[in-house]
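Notes to accompany the following structure.
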Amino acid sequence: MILDAHGHLGPWPDFLIPDKSAEGMIELMDRLGIDAMGISHLLGVGPAAEEGNRQAFAAAERHPGRFGVWQVYNPHQRNPLTGQEVWGVKIHPDVHRCRLDDRRYDPVWELGLPVLAHGQTDSPWSDPAQFVTVAERYPRVPLLLGHTGLWPYGFARAAGLIGEHPSLYLEICGSRMTGRWIARLAAMVGADRVVYGSDSCFLDLRVGWGRVALAPLGAADRALIQGGNLARLLGARLRPNDPPKGPP
């Protein structure tokens with residue numbers, strides 16, 4: 001099973017997104033062989049978390065088995081969270097202007113679901129060191145460090161920081177990520193701590209998928225990164241969105 005941990009739907013004012021629709025995303029996923037994608041709606045990441053979550057759930061309902069929802073939590077809007085029929089929670093401290101380790105995010109960690117968070121090296125809001133602080137407070141919450149810190153000069157530092165915290169994972173999407181870096185990260189922290197994501201529709205799904213598909217990895221490590229690790233983290237949560245089985 002191939003699972004993309006980091007996807008979006010909808011528009012964003014600072015990026016050209018040629019096709020922001022769920023239907024366009026499904027078409028690309030089918031061409032590439034991606035079974036399911038975790039999505040948050042960009043309206044939710046931005047100005048209206050509750051409405052964006054509603055639209056994400058609607059897309060998942062229209063395309064059963066293809067989208068898992070990362071419900072967005074904005075600490076300034078205090079939108080309601082659900083523990084049902086979601087992959088977990090999405091937070092973006094840099095957009096929210098709220099540090100990842102700020103206590104205003106405590107309702108997210110207390111829910112106990114997997115969390116995908118934007119991570120950005122040297123950001124005052126989401127530096128990888130803040131992920132360690134959260135992991136020490138809530139060691140049972142699986143936390144994906146989005147973009148592995150975003151900037152290549154910080155990739156190795158991010159890997160070093162998460163090493164002793166088994167609840168932390170490196171999520172590898174980003175325009176500056178490479179196949180060689182993916183292999184290095186797997187060697188540094190173990191392939192079982194690295195998770196594939198694309199950041200589509202911000203970034204081209206074909207490019208993000210190509211990086212991990214062609215990275216210099218062994219077959220077992222590639223399978224873990226492409227979906228095995230995320231399937232393990234989601235457990236039964238994957239079942240409501242389990243990709244439909246093809247013919248035998």
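Within each chain, counting starts at residue 1; across the structure tokens, chains are named A, B, ... in the order shown, with ligands numbered 1 upward in that order.
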
Contacts of range 123-126 of chain A at 7 Å (only C-alpha atoms; same-chain gap of 5+ positions) as an MDAnalysis selection string = chainID A and resid 93:94 97:100 118

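Once Tyr153 in chain A and its same-chain neighbours fewer than 6 positions away are set aside, Gln120, Thr121, Asp122, Ala159, Arg176, Met177 and Trp181 of chain A remain within 12 Å of it when counting only C-alpha atoms.
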
task = Mind the document's chain letters and residue numbers, and return as a PyMOL selection string the residues of range 1-158 of chain A that DSSP labels helix (DSSP H, G or I).
result = chain A and resi 22-32+42-45+49-62+93-96+103-111+128-137+147-149+152-158

All strand (DSSP E or B) residues (DSSP, backbone) inside range 9-237 of chain A, as an NGL selection string = :A and (9 or 36-41 or 67-72 or 88-91 or 115-118 or 143-146 or 168-171 or 194-195 or 200)

inquiry  = Env of Ala56 in chain A: 10 Å cut, atoms = only C-alpha atoms, seq-sep filter 2 positions within chain, self excluded. Answer as JSON, numbers by chain.
reply    = {"A": [8, 9, 10, 22, 38, 39, 40, 41, 42, 43, 44, 50, 51, 52, 53, 54, 58, 59, 60, 61, 62, 67, 68, 69, 70, 71, 72]}

request  = Tell me, as an MDAnalysis selection string, which residues lie within 12 Å of Trp109 in chain A, counting only C-alpha atoms; anything in the same chain fewer than 5 positions away does not count.
outcome  = chainID A and resid 73 81 83 88:91 100:104 114:117 131 134:143

Keeping only N, CA and C atoms, write the selected residues to a file as a PDB file, in the first residue's frame.
```
ATOM      1  N   TYR A  73      -6.345  22.227  13.328  1.00  0.00           N
ATOM      2  CA  TYR A  73      -6.647  22.928  14.573  1.00  0.00           C
ATOM      3  C   TYR A  73      -5.921  24.259  14.559  1.00  0.00           C
ATOM      4  N   LEU A  81     -12.557  19.572  17.599  1.00  0.00           N
ATOM      5  CA  LEU A  81     -11.835  18.423  17.071  1.00  0.00           C
ATOM      6  C   LEU A  81     -12.671  17.174  17.268  1.00  0.00           C
ATOM      7  N   GLY A  83     -12.426  12.773  17.259  1.00  0.00           N
ATOM      8  CA  GLY A  83     -11.540  11.616  17.293  1.00  0.00           C
ATOM      9  C   GLY A  83     -11.980  10.521  16.348  1.00  0.00           C
ATOM     10  N   GLY A  88      -5.865  12.079  11.811  1.00  0.00           N
ATOM     11  CA  GLY A  88      -5.275  12.786  12.932  1.00  0.00           C
ATOM     12  C   GLY A  88      -5.504  14.273  12.807  1.00  0.00           C
ATOM     13  N   VAL A  89      -4.548  15.039  13.303  1.00  0.00           N
ATOM     14  CA  VAL A  89      -4.672  16.498  13.367  1.00  0.00           C
ATOM     15  C   VAL A  89      -3.522  17.141  12.607  1.00  0.00           C
ATOM     16  N   LYS A  90      -3.819  18.227  11.914  1.00  0.00           N
ATOM     17  CA  LYS A  90      -2.822  19.029  11.210  1.00  0.00           C
ATOM     18  C   LYS A  90      -2.713  20.389  11.897  1.00  0.00           C
ATOM     19  N   ILE A  91      -1.475  20.797  12.196  1.00  0.00           N
ATOM     20  CA  ILE A  91      -1.258  22.144  12.718  1.00  0.00           C
ATOM     21  C   ILE A  91      -0.147  22.814  11.912  1.00  0.00           C
ATOM     22  N   LEU A 100       4.915  25.739  18.299  1.00  0.00           N
ATOM     23  CA  LEU A 100       4.463  24.352  18.393  1.00  0.00           C
ATOM     24  C   LEU A 100       4.335  23.900  19.839  1.00  0.00           C
ATOM     25  N   ASP A 101       5.252  24.337  20.698  1.00  0.00           N
ATOM     26  CA  ASP A 101       5.235  23.903  22.093  1.00  0.00           C
ATOM     27  C   ASP A 101       4.425  24.832  22.998  1.00  0.00           C
ATOM     28  N   ASP A 102       3.665  25.753  22.410  1.00  0.00           N
ATOM     29  CA  ASP A 102       2.791  26.631  23.179  1.00  0.00           C
ATOM     30  C   ASP A 102       1.641  25.797  23.773  1.00  0.00           C
ATOM     31  N   ARG A 103       1.260  26.132  24.987  1.00  0.00           N
ATOM     32  CA  ARG A 103       0.203  25.383  25.654  1.00  0.00           C
ATOM     33  C   ARG A 103      -1.159  25.517  24.968  1.00  0.00           C
ATOM     34  N   ARG A 104      -1.291  26.487  24.068  1.00  0.00           N
ATOM     35  CA  ARG A 104      -2.556  26.617  23.348  1.00  0.00           C
ATOM     36  C   ARG A 104      -2.798  25.453  22.397  1.00  0.00           C
ATOM     37  N   PRO A 114      -2.508  10.791  15.986  1.00  0.00           N
ATOM     38  CA  PRO A 114      -1.329  11.224  15.231  1.00  0.00           C
ATOM     39  C   PRO A 114      -1.473  12.687  14.803  1.00  0.00           C
ATOM     40  N   VAL A 115      -0.345  13.380  14.755  1.00  0.00           N
ATOM     41  CA  VAL A 115      -0.337  14.805  14.396  1.00  0.00           C
ATOM     42  C   VAL A 115       0.708  15.033  13.310  1.00  0.00           C
ATOM     43  N   LEU A 116       0.305  15.761  12.273  1.00  0.00           N
ATOM     44  CA  LEU A 116       1.216  16.234  11.238  1.00  0.00           C
ATOM     45  C   LEU A 116       1.387  17.732  11.429  1.00  0.00           C
ATOM     46  N   ALA A 117       2.616  18.165  11.696  1.00  0.00           N
ATOM     47  CA  ALA A 117       2.866  19.576  11.968  1.00  0.00           C
ATOM     48  C   ALA A 117       3.919  20.118  11.017  1.00  0.00           C
ATOM     49  N   PHE A 131       9.689  20.254  18.560  1.00  0.00           N
ATOM     50  CA  PHE A 131       9.075  18.927  18.463  1.00  0.00           C
ATOM     51  C   PHE A 131       9.565  18.041  19.605  1.00  0.00           C
ATOM     52  N   VAL A 134       7.627  18.862  22.771  1.00  0.00           N
ATOM     53  CA  VAL A 134       6.299  18.249  22.770  1.00  0.00           C
ATOM     54  C   VAL A 134       6.407  16.743  23.021  1.00  0.00           C
ATOM     55  N   ALA A 135       7.385  16.090  22.394  1.00  0.00           N
ATOM     56  CA  ALA A 135       7.548  14.644  22.567  1.00  0.00           C
ATOM     57  C   ALA A 135       7.852  14.295  24.022  1.00  0.00           C
ATOM     58  N   GLU A 136       8.581  15.141  24.701  1.00  0.00           N
ATOM     59  CA  GLU A 136       8.880  14.891  26.116  1.00  0.00           C
ATOM     60  C   GLU A 136       7.633  15.062  26.985  1.00  0.00           C
ATOM     61  N   ARG A 137       6.740  15.971  26.593  1.00  0.00           N
ATOM     62  CA  ARG A 137       5.506  16.160  27.358  1.00  0.00           C
ATOM     63  C   ARG A 137       4.477  15.073  27.060  1.00  0.00           C
ATOM     64  N   TYR A 138       4.414  14.676  25.792  1.00  0.00           N
ATOM     65  CA  TYR A 138       3.382  13.738  25.338  1.00  0.00           C
ATOM     66  C   TYR A 138       4.035  12.613  24.532  1.00  0.00           C
ATOM     67  N   PRO A 139       4.756  11.718  25.196  1.00  0.00           N
ATOM     68  CA  PRO A 139       5.535  10.711  24.473  1.00  0.00           C
ATOM     69  C   PRO A 139       4.695   9.661  23.750  1.00  0.00           C
ATOM     70  N   ARG A 140       3.409   9.603  24.018  1.00  0.00           N
ATOM     71  CA  ARG A 140       2.560   8.612  23.360  1.00  0.00           C
ATOM     72  C   ARG A 140       1.890   9.142  22.092  1.00  0.00           C
ATOM     73  N   VAL A 141       2.077  10.402  21.785  1.00  0.00           N
ATOM     74  CA  VAL A 141       1.435  10.993  20.606  1.00  0.00           C
ATOM     75  C   VAL A 141       2.381  10.914  19.410  1.00  0.00           C
ATOM     76  N   PRO A 142       2.029  10.160  18.349  1.00  0.00           N
ATOM     77  CA  PRO A 142       2.869  10.136  17.149  1.00  0.00           C
ATOM     78  C   PRO A 142       2.860  11.509  16.481  1.00  0.00           C
ATOM     79  N   LEU A 143       4.040  12.061  16.254  1.00  0.00           N
ATOM     80  CA  LEU A 143       4.162  13.424  15.727  1.00  0.00           C
ATOM     81  C   LEU A 143       5.086  13.413  14.519  1.00  0.00           C
TER      82      LEU A 143
END
```

message = So that I can see what lies close to range 15-17 of chain A, please list as a list in words the residues with an atom at most 10 Å from it, counting only C-alpha atoms and leaving out residues fewer than 2 positions away in the same chain.
response =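 These residues fall inside the cut-off: Leu9, Gly10, Pro11, Trp12, Pro13, Asp19, Lys20, Ser21, Ser200, Cys201, Phe202, Leu203 and Asp204 of chain A.
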
query = Of the residues A:Gly208, A:His96, A:Pro75, A:Ala36, which is the one nearest to Met1 in chain A, using only C-alpha atoms?
reply =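 Using only C-alpha atoms, the shortest distance to Met1 in chain A belongs to A:Ala36.
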
key: Contacts of Arg237 in chain A at 7 Å (only C-alpha atoms; same-chain gap of 3+ positions) as a list in words   = Glu85, Val86, Trp87, Leu234 and Pro240 of chain A

Go ahead and save the picked residues with C-alpha atoms, as a compact mmCIF listing (two decimals), in the first residue's frame.
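New file again-v6.txt:
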```txt
# COMPACT_ATOMS: atom_id res chain seq x y z
CA GLU A 85 -12.97 8.94 11.06
CA VAL A 86 -9.81 11.02 10.80
CA TRP A 87 -6.16 10.18 10.33
CA LEU A 234 -2.66 4.87 11.79
CA PRO A 240 -12.43 3.63 7.20
```

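CA of Val194 in chain A lies 9.4 Å from CA of Leu168 in chain A.
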
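Nearest to Val195 in chain A of all the residues A:Met29, A:Cys173, A:Ala215, A:Val95 is A:Cys173, based on only C-alpha atoms.
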
remark   = Between CA of Asn229 in chain A and CA of Gln130 in chain A lies a distance of 22.6 Å

note = A straight line from CA of Val45 in chain A to CA of Gly210 in chain A spans 26.1 Å

inquiry  = I'd like the neighbourhood of Arg180 in chain A as a PyMOL selection string, where a residue qualifies if any of its atoms comes within 10 Å (using only C-alpha atoms), though same-chain residues fewer than 4 positions away should be ignored.
reply    = chain A and resi 184-186+211-212+214-217
